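So this block is query_24.tsv, TSV, C-alpha atoms:
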chain	number	residue	atom	x	y	z
A	1	MET	CA	0.00	0.00	0.00
A	2	GLU	CA	1.49	3.33	-0.97
A	3	LEU	CA	1.20	6.05	1.62
A	4	SER	CA	2.34	9.66	1.50
A	5	GLU	CA	5.11	11.09	3.66
A	6	SER	CA	2.59	13.03	5.69
A	7	VAL	CA	0.48	9.95	6.41
A	8	LEU	CA	3.54	7.93	7.41
A	9	LYS	CA	4.70	10.68	9.74
A	10	GLY	CA	1.26	10.90	11.33
A	11	LEU	CA	1.19	7.15	11.91
A	12	GLN	CA	4.67	7.23	13.40
A	13	THR	CA	3.52	9.85	15.89
A	14	LEU	CA	0.53	7.70	16.71
A	15	ALA	CA	2.88	4.80	17.40
A	16	ASP	CA	4.99	6.84	19.78
A	17	PRO	CA	4.17	5.91	23.41
A	18	ASN	CA	5.59	9.28	24.55
A	19	VAL	CA	2.85	11.10	22.67
A	20	PHE	CA	0.04	8.55	22.92
A	21	ASP	CA	0.04	6.28	25.94
A	22	LEU	CA	-1.95	3.08	25.51
A	23	LYS	CA	-5.14	4.52	26.96
A	24	SER	CA	-5.02	7.59	24.72
A	25	PHE	CA	-4.20	5.42	21.74
A	26	THR	CA	-7.26	3.21	22.35
A	27	THR	CA	-9.53	6.23	22.76
A	28	PHE	CA	-8.07	7.85	19.68
A	29	THR	CA	-8.57	4.72	17.55
A	30	GLU	CA	-12.18	4.42	18.69
A	31	VAL	CA	-12.99	8.03	17.89
A	32	ALA	CA	-11.13	7.98	14.58
A	33	PHE	CA	-13.02	4.93	13.33
A	34	ASP	CA	-16.31	6.33	14.62
A	35	SER	CA	-15.77	9.51	12.67
A	36	LEU	CA	-15.81	7.44	9.50
A	37	ASP	CA	-18.95	5.50	10.05
A	38	SER	CA	-21.22	8.20	11.36
A	39	SER	CA	-21.17	11.94	11.19
A	40	ARG	CA	-22.58	12.02	14.71
A	41	GLY	CA	-19.34	10.74	16.22
A	42	GLU	CA	-17.39	12.85	18.69
A	43	SER	CA	-14.59	14.92	17.34
A	44	VAL	CA	-10.98	14.04	18.02
A	45	LEU	CA	-10.17	17.67	18.65
A	46	GLY	CA	-11.24	18.81	22.08
A	47	HIS	CA	-12.05	15.28	23.18
A	48	PRO	CA	-11.81	15.25	27.03
A	49	GLU	CA	-9.49	12.24	27.17
A	50	LEU	CA	-7.15	13.56	24.49
A	51	ARG	CA	-6.85	17.11	25.68
A	52	HIS	CA	-3.36	16.63	26.99
A	53	ILE	CA	-2.04	16.07	23.47
A	54	ASP	CA	-1.10	19.01	21.27
A	55	GLN	CA	-4.13	19.72	19.09
A	56	THR	CA	-2.16	20.24	15.87
A	57	THR	CA	-0.43	16.89	16.33
A	58	LEU	CA	-3.79	15.31	17.09
A	59	LYS	CA	-5.27	16.70	13.91
A	60	HIS	CA	-2.32	15.46	11.87
A	61	CYS	CA	-2.59	11.97	13.35
A	62	HIS	CA	-6.32	11.89	12.76
A	63	THR	CA	-5.89	12.78	9.09
A	64	ALA	CA	-3.13	10.21	8.73
A	65	ALA	CA	-5.16	7.48	10.44
A	66	THR	CA	-8.35	8.08	8.44
A	67	THR	CA	-6.43	8.25	5.17
A	68	PHE	CA	-4.74	4.97	6.02
A	69	ILE	CA	-8.05	3.33	6.89
A	70	LEU	CA	-9.75	4.53	3.70
A	71	GLU	CA	-6.86	3.32	1.54
A	72	GLY	CA	-6.94	-0.04	3.25
A	73	VAL	CA	-10.68	-0.40	2.73
A	74	LYS	CA	-10.48	0.74	-0.87
A	75	GLN	CA	-7.86	-1.88	-1.69
A	76	ASN	CA	-9.45	-4.58	0.39
A	77	ALA	CA	-6.15	-4.95	2.26
A	78	ASP	CA	-5.75	-8.17	4.22
A	79	LYS	CA	-4.42	-8.55	7.75
A	80	SER	CA	-0.80	-9.08	6.74
A	81	THR	CA	-0.72	-5.92	4.60
A	82	ILE	CA	-2.19	-3.78	7.36
A	83	SER	CA	0.03	-5.31	10.00
A	84	SER	CA	3.22	-4.92	7.98
A	85	CYS	CA	2.39	-1.27	7.19
A	86	LEU	CA	1.82	-0.51	10.84
A	87	GLU	CA	4.90	-2.39	11.94
A	88	ASP	CA	6.95	-0.36	9.46
A	89	VAL	CA	5.95	2.79	11.31
A	90	ARG	CA	6.85	1.11	14.59
A	91	PHE	CA	3.40	0.25	15.96
A	92	GLN	CA	3.69	-2.10	18.90
A	93	ASN	CA	1.92	-5.44	18.40
A	94	GLU	CA	-0.82	-4.54	20.85
A	95	ARG	CA	-1.61	-1.41	18.92
A	96	VAL	CA	-1.57	-3.26	15.59
A	97	ASP	CA	-4.20	-5.66	16.93
A	98	THR	CA	-6.42	-2.89	18.29
A	99	PHE	CA	-6.26	-1.10	14.99
A	100	TYR	CA	-6.97	-4.16	12.85
A	101	ASN	CA	-10.00	-5.19	14.91
A	102	SER	CA	-11.69	-1.86	14.29
A	103	PHE	CA	-10.64	-1.99	10.66
A	104	GLN	CA	-12.63	-5.15	10.00
A	105	PHE	CA	-15.88	-3.57	11.11
A	106	ILE	CA	-15.42	-0.46	9.07
A	107	TYR	CA	-14.87	-2.45	5.89
A	108	LEU	CA	-18.42	-3.77	5.77
A	109	PHE	CA	-19.85	-0.37	6.49
A	110	MET	CA	-17.89	1.26	3.67
A	111	LEU	CA	-18.99	-1.45	1.27
A	112	LEU	CA	-22.57	-0.42	1.75
A	113	SER	CA	-22.39	3.32	1.92
A	114	THR	CA	-19.82	4.94	-0.31
A	115	ASP	CA	-21.36	4.88	-3.74
A	116	THR	CA	-22.31	7.37	-6.38
A	117	CYS	CA	-25.11	5.90	-8.34
A	118	PRO	CA	-28.55	6.72	-9.69
A	119	PRO	CA	-31.34	6.84	-7.12
A	120	HIS	CA	-31.92	3.37	-5.75
A	121	ILE	CA	-35.50	2.09	-5.77
A	122	THR	CA	-36.52	0.72	-2.40
A	123	ASP	CA	-40.26	0.17	-2.71
A	124	ALA	CA	-43.33	0.59	-4.89
A	125	GLU	CA	-46.77	1.72	-3.74
A	126	TRP	CA	-49.88	1.64	-5.85
A	127	ARG	CA	-53.43	2.92	-5.93
A	128	LEU	CA	-56.22	1.70	-8.18
A	129	GLU	CA	-58.77	4.37	-9.14
A	130	TYR	CA	-61.89	4.46	-11.21
A	131	CYS	CA	-62.34	7.82	-12.86
A	132	ILE	CA	-66.00	8.73	-13.28
A	133	LYS	CA	-65.74	12.25	-14.63
A	134	ASN	CA	-63.58	15.35	-14.64
A	135	SER	CA	-64.24	19.00	-15.42
A	136	HIS	CA	-63.61	18.48	-19.13
A	137	VAL	CA	-65.13	15.12	-19.87
A	138	HIS	CA	-68.06	13.37	-18.24
A	139	LYS	CA	-68.71	9.63	-18.19
A	140	VAL	CA	-65.04	8.73	-18.35
A	141	ASN	CA	-65.53	5.38	-16.58
A	142	GLN	CA	-61.95	4.24	-16.82
A	143	PRO	CA	-59.84	2.49	-14.19
A	144	SER	CA	-56.29	3.72	-13.75
A	145	TYR	CA	-53.34	3.09	-11.49
A	146	LEU	CA	-51.27	5.57	-9.56
A	147	ILE	CA	-47.78	4.20	-8.90
A	148	SER	CA	-45.27	5.66	-6.47
A	149	LEU	CA	-41.67	4.45	-6.50
A	150	ASN	CA	-39.72	5.22	-3.33
A	151	THR	CA	-36.10	5.97	-4.12
A	152	GLU	CA	-33.05	6.68	-2.02
A	153	ARG	CA	-29.80	8.36	-2.82
A	154	ALA	CA	-27.04	9.05	-0.32
A	155	GLY	CA	-29.49	8.82	2.55
A	156	ALA	CA	-32.04	11.20	1.04
A	157	SER	CA	-35.28	9.60	-0.04
A	158	SER	CA	-37.72	10.82	-2.62
A	159	GLU	CA	-40.62	9.58	-4.74
A	160	ILE	CA	-41.43	9.20	-8.38
A	161	ASN	CA	-45.18	9.33	-9.02
A	162	PHE	CA	-46.84	8.43	-12.26
A	163	SER	CA	-50.12	7.08	-13.53
A	164	CYS	CA	-50.76	4.25	-15.92
A	165	THR	CA	-53.55	2.22	-17.44
A	166	MET	CA	-53.85	-1.53	-16.96
A	167	ASP	CA	-52.13	-2.19	-20.29
A	168	GLN	CA	-49.25	0.09	-19.42
A	169	LEU	CA	-48.81	-1.53	-16.02
A	170	GLN	CA	-48.77	-4.95	-17.65
A	171	ASP	CA	-46.08	-3.68	-20.00
A	172	LEU	CA	-44.05	-2.35	-17.07
A	173	VAL	CA	-44.32	-5.57	-15.08
A	174	GLY	CA	-43.56	-7.64	-18.17
A	175	LYS	CA	-40.34	-5.75	-18.77
A	176	MET	CA	-39.30	-6.06	-15.13
A	177	LYS	CA	-39.90	-9.80	-15.32
A	178	ASP	CA	-37.71	-9.98	-18.43
A	179	ALA	CA	-34.93	-8.28	-16.49
A	180	ALA	CA	-35.37	-10.63	-13.53
A	181	LYS	CA	-35.31	-13.68	-15.80
A	182	SER	CA	-32.13	-12.49	-17.50
A	183	LEU	CA	-30.59	-11.95	-14.10
A	184	GLU	CA	-31.45	-15.48	-13.06
A	185	ARG	CA	-30.02	-16.91	-16.26
A	186	ALA	CA	-26.83	-14.90	-15.85
A	187	THR	CA	-26.28	-16.08	-12.29
A	188	GLN	CA	-26.83	-19.68	-13.25
A	189	SER	CA	-24.31	-19.82	-16.09
B	1	MET	CA	-80.00	14.59	-20.96
B	2	LEU	CA	-80.71	17.68	-23.02
B	3	LEU	CA	-78.19	20.29	-23.86
B	4	VAL	CA	-79.25	23.73	-22.66
B	5	LEU	CA	-78.12	26.44	-25.04
B	6	SER	CA	-77.85	30.05	-23.88
B	7	GLU	CA	-79.59	32.85	-25.81
B	8	GLU	CA	-76.27	34.18	-27.04
B	9	HIS	CA	-75.30	30.74	-28.25
B	10	LYS	CA	-78.60	30.31	-30.09
B	11	GLU	CA	-78.11	33.68	-31.73
B	12	HIS	CA	-74.63	32.76	-32.94
B	13	LEU	CA	-75.85	29.48	-34.34
B	14	GLY	CA	-78.86	31.20	-35.92
B	15	PHE	CA	-76.51	32.51	-38.57
B	16	LEU	CA	-76.12	28.95	-39.88
B	17	SER	CA	-79.73	28.73	-41.05
B	18	GLU	CA	-79.19	31.70	-43.31
B	19	VAL	CA	-76.57	29.98	-45.44
B	20	ASP	CA	-76.41	27.00	-47.74
B	21	PRO	CA	-76.23	23.59	-46.02
B	22	ALA	CA	-73.03	22.92	-47.97
B	23	VAL	CA	-71.50	25.96	-46.32
B	24	VAL	CA	-72.63	24.70	-42.91
B	25	GLY	CA	-70.91	21.44	-43.73
B	26	GLU	CA	-67.77	23.40	-44.48
B	27	PHE	CA	-68.09	25.33	-41.22
B	28	GLY	CA	-68.48	22.04	-39.40
B	29	ARG	CA	-65.28	20.78	-40.93
B	30	ILE	CA	-63.48	24.00	-39.97
B	31	ALA	CA	-64.85	23.76	-36.41
B	32	VAL	CA	-63.49	20.23	-35.99
B	33	GLU	CA	-60.17	21.27	-37.53
B	34	PHE	CA	-59.93	24.13	-35.04
B	35	LEU	CA	-60.69	21.78	-32.16
B	36	LYS	CA	-57.90	19.50	-33.24
B	37	LYS	CA	-55.27	22.01	-34.23
B	38	GLY	CA	-56.22	25.38	-32.79
B	39	SER	CA	-58.08	28.24	-34.41
B	40	ASN	CA	-56.88	30.32	-37.34
B	41	PRO	CA	-58.68	33.71	-37.56
B	42	LYS	CA	-57.64	34.27	-41.19
B	43	ILE	CA	-60.11	31.63	-42.30
B	44	TYR	CA	-62.94	33.80	-40.96
B	45	GLU	CA	-61.96	36.68	-43.23
B	46	GLY	CA	-61.84	34.51	-46.36
B	47	ALA	CA	-65.20	32.92	-45.67
B	48	ALA	CA	-66.82	36.28	-44.79
B	49	ARG	CA	-65.76	37.78	-48.09
B	50	LYS	CA	-67.07	34.82	-50.09
B	51	LEU	CA	-70.44	34.85	-48.33
B	52	ASN	CA	-70.68	38.63	-48.26
B	53	VAL	CA	-71.25	38.83	-44.50
B	54	SER	CA	-69.28	40.22	-41.59
B	55	SER	CA	-66.34	38.12	-40.42
B	56	GLU	CA	-67.74	38.39	-36.91
B	57	SER	CA	-70.84	36.42	-37.93
B	58	VAL	CA	-68.66	33.74	-39.44
B	59	GLN	CA	-66.56	33.62	-36.30
B	60	HIS	CA	-69.62	33.33	-34.07
B	61	GLY	CA	-71.07	30.63	-36.25
B	62	VAL	CA	-67.93	28.53	-36.21
B	63	GLU	CA	-67.31	29.05	-32.51
B	64	GLY	CA	-70.94	28.26	-31.80
B	65	LEU	CA	-70.52	24.99	-33.62
B	66	MET	CA	-67.32	24.24	-31.72
B	67	TYR	CA	-69.04	24.83	-28.40
B	68	LEU	CA	-72.01	22.72	-29.43
B	69	LEU	CA	-69.70	19.85	-30.34
B	70	THR	CA	-67.54	20.06	-27.22
B	71	GLU	CA	-70.48	20.25	-24.84
B	72	SER	CA	-72.25	17.35	-26.52
B	73	SER	CA	-69.07	15.26	-26.54
B	74	LYS	CA	-68.26	16.12	-22.95
B	75	LEU	CA	-71.63	14.91	-21.72
B	76	MET	CA	-71.69	12.07	-24.23
B	77	ILE	CA	-75.35	12.75	-24.99
B	78	SER	CA	-77.29	10.24	-27.00
B	79	GLU	CA	-78.43	10.72	-30.59
B	80	VAL	CA	-82.00	11.36	-29.55
B	81	ASP	CA	-81.00	13.92	-26.95
B	82	PHE	CA	-78.76	15.70	-29.42
B	83	GLN	CA	-81.54	15.95	-31.96
B	84	ASP	CA	-83.96	17.26	-29.36
B	85	SER	CA	-81.46	19.84	-28.18
B	86	VAL	CA	-80.83	21.09	-31.70
B	87	LEU	CA	-84.55	21.19	-32.46
B	88	VAL	CA	-84.86	24.32	-30.35
B	89	LEU	CA	-82.73	26.19	-32.89
B	90	GLY	CA	-85.43	25.77	-35.52
B	91	PHE	CA	-83.18	24.48	-38.27
B	92	SER	CA	-84.30	22.52	-41.32
B	93	GLU	CA	-84.34	18.73	-41.13
B	94	GLU	CA	-81.38	18.56	-43.49
B	95	LEU	CA	-79.35	20.83	-41.25
B	96	ASN	CA	-80.26	18.85	-38.15
B	97	GLN	CA	-79.10	15.65	-39.78
B	98	LEU	CA	-75.88	17.30	-40.85
B	99	LEU	CA	-75.14	18.47	-37.32
B	100	LEU	CA	-75.98	15.05	-35.93
B	101	GLN	CA	-73.56	13.39	-38.34
B	102	LEU	CA	-70.88	15.89	-37.42
B	103	TYR	CA	-71.39	15.09	-33.76
B	104	LEU	CA	-71.41	11.30	-34.12
B	105	GLU	CA	-68.39	11.16	-36.37
B	106	ASN	CA	-66.19	13.35	-34.21
B	107	ARG	CA	-67.24	12.84	-30.63
B	108	LYS	CA	-64.72	10.13	-29.81
B	109	GLU	CA	-61.81	12.23	-30.98
B	110	ILE	CA	-63.14	15.37	-29.31
B	111	ARG	CA	-63.44	13.47	-26.04
B	112	GLN	CA	-59.85	12.38	-26.38
B	113	ILE	CA	-58.72	15.96	-26.90
B	114	LEU	CA	-60.78	17.15	-23.92
B	115	GLY	CA	-59.38	14.36	-21.81
B	116	LYS	CA	-55.90	15.78	-22.25
B	117	LEU	CA	-57.01	19.00	-20.57
B	118	ALA	CA	-57.89	17.25	-17.35
B	119	PRO	CA	-55.34	17.45	-14.51
B	120	SER	CA	-53.09	14.43	-14.47
B	121	LEU	CA	-49.75	13.09	-13.43
B	122	PRO	CA	-47.11	12.12	-15.92
B	123	HIS	CA	-47.97	8.71	-17.20
B	124	TYR	CA	-45.87	5.69	-17.98
B	125	HIS	CA	-44.51	5.44	-21.47
B	126	ASN	CA	-41.73	2.84	-21.51
B	127	LEU	CA	-39.16	1.02	-19.41
B	128	GLU	CA	-35.65	0.12	-20.51
B	129	TRP	CA	-33.43	-2.04	-18.36
B	130	ARG	CA	-29.85	-3.15	-18.13
B	131	LEU	CA	-28.02	-5.65	-15.96
B	132	ASP	CA	-24.73	-4.52	-14.51
B	133	VAL	CA	-22.21	-5.93	-12.14
B	134	GLN	CA	-20.39	-3.26	-10.22
B	135	LEU	CA	-16.72	-4.17	-9.97
B	136	ALA	CA	-15.19	-1.09	-8.40
B	137	SER	CA	-15.77	2.51	-7.50
B	138	ARG	CA	-13.47	5.34	-6.54
B	139	ALA	CA	-13.87	4.54	-2.86
B	140	LEU	CA	-13.95	0.75	-2.99
B	141	ARG	CA	-12.24	-1.81	-5.20
B	142	HIS	CA	-12.77	-5.55	-5.63
B	143	GLN	CA	-16.56	-5.61	-5.57
B	144	VAL	CA	-19.00	-7.98	-7.20
B	145	LYS	CA	-22.35	-6.28	-6.89
B	146	PRO	CA	-25.13	-7.13	-9.35
B	147	THR	CA	-27.44	-4.22	-10.05
B	148	VAL	CA	-30.30	-3.57	-12.41
B	149	THR	CA	-30.29	-0.16	-14.05
B	150	LEU	CA	-33.69	1.05	-15.24
B	151	LYS	CA	-34.68	3.93	-17.47
B	152	LEU	CA	-38.27	4.93	-16.85
B	153	HIS	CA	-39.81	6.97	-19.67
B	154	LEU	CA	-42.68	9.19	-18.64
B	155	GLU	CA	-44.93	11.42	-20.69
B	156	ASP	CA	-46.73	14.52	-19.46
B	157	GLY	CA	-48.84	16.04	-22.21
B	158	ALA	CA	-46.28	16.75	-24.89
B	159	LYS	CA	-43.26	16.57	-22.56
B	160	ARG	CA	-41.31	13.37	-22.34
B	161	SER	CA	-38.89	12.70	-19.53
B	162	ALA	CA	-36.65	9.81	-18.62
B	163	ARG	CA	-35.42	8.92	-15.15
B	164	VAL	CA	-32.46	6.64	-14.65
B	165	LEU	CA	-32.90	4.46	-11.59
B	166	GLN	CA	-31.20	1.51	-10.06
B	167	THR	CA	-32.20	-1.43	-7.96
B	168	ASP	CA	-30.84	-4.72	-6.69
B	169	PRO	CA	-32.14	-8.18	-7.63
B	170	ALA	CA	-34.03	-8.69	-4.37
B	171	THR	CA	-35.87	-5.37	-4.60
B	172	LEU	CA	-36.69	-6.07	-8.25
B	173	GLN	CA	-38.47	-9.26	-7.22
B	174	HIS	CA	-40.34	-7.36	-4.53
B	175	LEU	CA	-41.42	-4.67	-7.00
B	176	ILE	CA	-42.66	-7.28	-9.46
B	177	HIS	CA	-44.61	-8.99	-6.70
B	178	GLU	CA	-46.24	-5.75	-5.51
B	179	LEU	CA	-47.21	-4.58	-8.99
B	180	GLU	CA	-48.62	-7.98	-9.88
B	181	ARG	CA	-50.80	-7.69	-6.82
B	182	ALA	CA	-51.98	-4.33	-8.12
B	183	LEU	CA	-52.91	-5.89	-11.47
B	184	ALA	CA	-54.70	-8.78	-9.80
B	185	GLU	CA	-56.82	-6.30	-7.85
B	186	LEU	CA	-58.50	-5.15	-11.03
B	187	LYS	CA	-59.74	-8.68	-11.62
B	188	SER	CA	-61.15	-9.08	-8.12
B	189	SER	CA	-64.92	-9.43	-7.76
B	190	HIS	CA	-65.17	-6.10	-5.93
B	191	CYS	CA	-63.61	-4.16	-8.79
B	192	ARG	CA	-65.53	-6.04	-11.43
B	193	ARG	CA	-68.80	-5.23	-9.71
B	194	ILE	CA	-68.00	-1.56	-9.63
B	195	LEU	CA	-66.80	-1.44	-13.23
B	196	ARG	CA	-69.94	-3.23	-14.33
B	197	ASN	CA	-72.35	-1.04	-12.43
B	198	ILE	CA	-70.99	2.41	-13.02
B	199	LYS	CA	-71.46	3.00	-16.69

Target encoding structure tokens, full file:
Amino acid sequence: MELSESVLKGLQTLADPNVFDLKSFTTFTEVAFDSLDSSRGESVLGHPELRHIDQTTLKHCHTAATTFILEGVKQNADKSTISSCLEDVRFQNERVDTFYNSFQFIYLFMLLSTDTCPPHITDAEWRLEYCIKNSHVHKVNQPSYLISLNTERAGASSEINFSCTMDQLQDLVGKMKDAAKSLERATQS
Amino acid sequence: MLLVLSEEHKEHLGFLSEVDPAVVGEFGRIAVEFLKKGSNPKIYEGAARKLNVSSESVQHGVEGLMYLLTESSKLMISEVDFQDSVLVLGFSEELNQLLLQLYLENRKEIRQILGKLAPSLPHYHNLEWRLDVQLASRALRHQVKPTVTLKLHLEDGAKRSARVLQTDPATLQHLIHELERALAELKSSHCRRILRNIK
């Protein structure tokens, strides 16, 4: 894994027991990983248990640690890669283990959340109506469907609403079934 | 149900009895044309000159016909009712028959045009789909994630729009299941009873 000078320096500082004693290191690791998987996490800066460390150094280490984690996740780095990187910057074995344990959890989370893609459909709701008349035409007497597709993108959800006749809905469902059948065939071969 | 024509309307249509039935036929054709494609005031001038009357009379006559056709089509009145409604104008039998023919031939299309004026949501036009397997993204490499990309084409009046959406295989199955339930609902006895009885 290729890491920049700045990241390596930050990790070296993190490894240094004179700057981070074991307790501070553990707290730091927890907070650093938390900051990646939820924006609600506490901040490293001004954290009560890390106040004794110089804030600029703390910030540098935090950047280095999160960059390292993100690179590792991106490349799907295995235990030996992570361990050897950390050992190179003189992490004690205990610290390597602590770090790697948290790393495993974050991997799954990243897999599910960091994606740029079109809005993802999560559900479909429907309503069947029978239109009797409107202000322009009387005696319409036609059934119609109102479909609402719930979509999500980067945590924000929205809806796509449209109407269709029975024939159109049959067309829509038919095409979806074609897609599903193709998917099944592709996974079987 | 009888059509109730206002005095003003009757007056405008009264002009039609003063001209040749062939001309009324022509006016009828123009009225339907205007309903389909929008009105063109220049036609009134030309016709007025040929008939030696004011262009305003021609305009009232044609617009009167248009209104007669749209109201009759909107209410979907029967042949008998149409004839009775027109009777009050005191036209000749030939003229009445002409108007009736005009109504019967064009009412379906006029209803379609009127239907487009009603408030509505964009409606479904087409669905395109594509199967993808996501292998990597900027943030994460080494993935194998099957996804279905959909392009939903919608139409709103004259505007067409397309939305690109994505879903996973499990959700696709769920969507199919839900929408099939929706289709099945139309065939249920409850719906059939309603469709049969409200006509």

>> Using all atoms listed in the file and a cut-off of 9 Å, which residues of chain B sit close to chain A? Please list them as a PyMOL selection string.
In response: chain B and resi 71+73-76+111-112+114-131+137-143+146+148-149+154+164-169+171-176+178-180+182-183+185-186+194-195+198-199

Spatial neighbours of range 61-69 of chain A, max dist 8 Å, only C-alpha atoms, sep filter under 4 positions, as a PDB file with C-alpha atoms, in the coordinates of the input:
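Resulting contents of around_18.pdb:
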ATOM      1  CA  LEU A   3       1.200   6.050   1.620  1.00  0.00           C
ATOM      2  CA  SER A   6       2.590  13.030   5.690  1.00  0.00           C
ATOM      3  CA  VAL A   7       0.480   9.950   6.410  1.00  0.00           C
ATOM      4  CA  LEU A   8       3.540   7.930   7.410  1.00  0.00           C
ATOM      5  CA  LYS A   9       4.700  10.680   9.740  1.00  0.00           C
ATOM      6  CA  GLY A  10       1.260  10.900  11.330  1.00  0.00           C
ATOM      7  CA  LEU A  11       1.190   7.150  11.910  1.00  0.00           C
ATOM      8  CA  THR A  13       3.520   9.850  15.890  1.00  0.00           C
ATOM      9  CA  LEU A  14       0.530   7.700  16.710  1.00  0.00           C
ATOM     10  CA  ALA A  32     -11.130   7.980  14.580  1.00  0.00           C
ATOM     11  CA  PHE A  33     -13.020   4.930  13.330  1.00  0.00           C
ATOM     12  CA  LEU A  36     -15.810   7.440   9.500  1.00  0.00           C
ATOM     13  CA  VAL A  44     -10.980  14.040  18.020  1.00  0.00           C
ATOM     14  CA  THR A  57      -0.430  16.890  16.330  1.00  0.00           C
ATOM     15  CA  VAL A  73     -10.680  -0.400   2.730  1.00  0.00           C
ATOM     16  CA  PHE A 103     -10.640  -1.990  10.660  1.00  0.00           C
TER      17      PHE A 103
END

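The space separating CA of Ile82 in chain A from CA of Ser43 in chain A comes to 24.6 Å.
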
>> So that I can check the surroundings of Val96 in chain A, please list as a PyMOL selection string every protein, DNA and RNA residue that reaches within 12 Å of it, counting only C-alpha atoms and ignoring chain neighbours fewer than 6 positions away.
In response: chain A and resi 11+14-15+22+25-26+29+79-90+102-103

> For Thr70 in chain B, which residue out of B:Cys191, B:Val24, B:Val133, B:Ile113 is the nearest one, using only C-alpha atoms?
Replying inline: B:Ile113

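The protein and nucleic acid residues lying at most 12 Å from Ser39 in chain B are Ile30, Ala31, Val32, Glu33, Phe34, Leu35, Lys36, Lys42, Ile43, Tyr44, Gln59, Val62, Glu63 and Met66 of chain B, with only C-alpha atoms considered and sequence neighbours fewer than 3 positions away removed.
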
Name all residues at most 12 Å from Lys23 in chain A (count only C-alpha atoms; drop same-chain ones fewer than 6 positions away) and give them as an mmCIF file with C-alpha atoms, in the frame of the given file.
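Saved to out28.cif:
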data_model
loop_
_atom_site.group_PDB
_atom_site.id
_atom_site.type_symbol
_atom_site.label_atom_id
_atom_site.label_comp_id
_atom_site.auth_asym_id
_atom_site.auth_seq_id
_atom_site.Cartn_x
_atom_site.Cartn_y
_atom_site.Cartn_z
ATOM 1 C CA PRO A 17 4.170 5.910 23.410
ATOM 2 C CA THR A 29 -8.570 4.720 17.550
ATOM 3 C CA GLU A 30 -12.180 4.420 18.690
ATOM 4 C CA GLU A 49 -9.490 12.240 27.170
ATOM 5 C CA LEU A 50 -7.150 13.560 24.490
ATOM 6 C CA GLU A 94 -0.820 -4.540 20.850
ATOM 7 C CA ARG A 95 -1.610 -1.410 18.920
ATOM 8 C CA THR A 98 -6.420 -2.890 18.290
#

>> As an exercise, work out the distance from CA of Gly46 in chain A to CA of Asp16 in chain A in Å and give it to one decimal place.
In response: 20.3 Å

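Of note, CA of Pro48 in chain A and CA of Gln12 in chain A are spaced 22.8 Å apart.
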
>> Need the shell around Val19 in chain B: protein/DNA/RNA residues with any atom at most 12 Å away, counting all atoms listed in the file. Skip same-chain ones fewer than 4 positions apart. Format as a list in words?
In response: Leu13, Gly14, Phe15, Val23, Val24, Gly25, Glu26, Phe27, Ala47, Ala48, Lys50, Leu51, Asn52, Val53, Ser57, Val58, Gly61, Phe91, Ser92 and Leu95 of chain B

Reconstruct range 25-33 of chain A at the level of N, CA, C and O atoms, and format the result as an mmCIF file, keeping the file's coordinate frame.
data_model
loop_
_atom_site.group_PDB
_atom_site.id
_atom_site.type_symbol
_atom_site.label_atom_id
_atom_site.label_comp_id
_atom_site.auth_asym_id
_atom_site.auth_seq_id
_atom_site.Cartn_x
_atom_site.Cartn_y
_atom_site.Cartn_z
ATOM 1 N N PHE A 25 -4.200 6.064 23.061
ATOM 2 C CA PHE A 25 -4.200 5.420 21.740
ATOM 3 C C PHE A 25 -5.538 4.714 21.491
ATOM 4 O O PHE A 25 -6.128 4.829 20.415
ATOM 5 N N THR A 26 -5.996 3.964 22.497
ATOM 6 C CA THR A 26 -7.260 3.210 22.350
ATOM 7 C C THR A 26 -8.428 4.170 22.118
ATOM 8 O O THR A 26 -9.249 3.953 21.221
ATOM 9 N N THR A 27 -8.459 5.244 22.932
ATOM 10 C CA THR A 27 -9.530 6.230 22.760
ATOM 11 C C THR A 27 -9.467 6.844 21.374
ATOM 12 O O THR A 27 -10.482 6.957 20.674
ATOM 13 N N PHE A 28 -8.250 7.220 20.979
ATOM 14 C CA PHE A 28 -8.070 7.850 19.680
ATOM 15 C C PHE A 28 -8.572 6.943 18.559
ATOM 16 O O PHE A 28 -9.295 7.384 17.660
ATOM 17 N N THR A 29 -8.159 5.667 18.602
ATOM 18 C CA THR A 29 -8.570 4.720 17.550
ATOM 19 C C THR A 29 -10.082 4.621 17.460
ATOM 20 O O THR A 29 -10.668 4.678 16.380
ATOM 21 N N GLU A 30 -10.712 4.519 18.650
ATOM 22 C CA GLU A 30 -12.180 4.420 18.690
ATOM 23 C C GLU A 30 -12.834 5.614 18.008
ATOM 24 O O GLU A 30 -13.703 5.483 17.149
ATOM 25 N N VAL A 31 -12.390 6.803 18.422
ATOM 26 C CA VAL A 31 -12.990 8.030 17.890
ATOM 27 C C VAL A 31 -12.716 8.192 16.404
ATOM 28 O O VAL A 31 -13.594 8.594 15.627
ATOM 29 N N ALA A 32 -11.480 7.831 15.999
ATOM 30 C CA ALA A 32 -11.130 7.980 14.580
ATOM 31 C C ALA A 32 -11.998 7.090 13.703
ATOM 32 O O ALA A 32 -12.523 7.520 12.678
ATOM 33 N N PHE A 33 -12.176 5.839 14.115
ATOM 34 C CA PHE A 33 -13.020 4.930 13.330
ATOM 35 C C PHE A 33 -14.474 5.386 13.344
ATOM 36 O O PHE A 33 -15.171 5.329 12.340
#
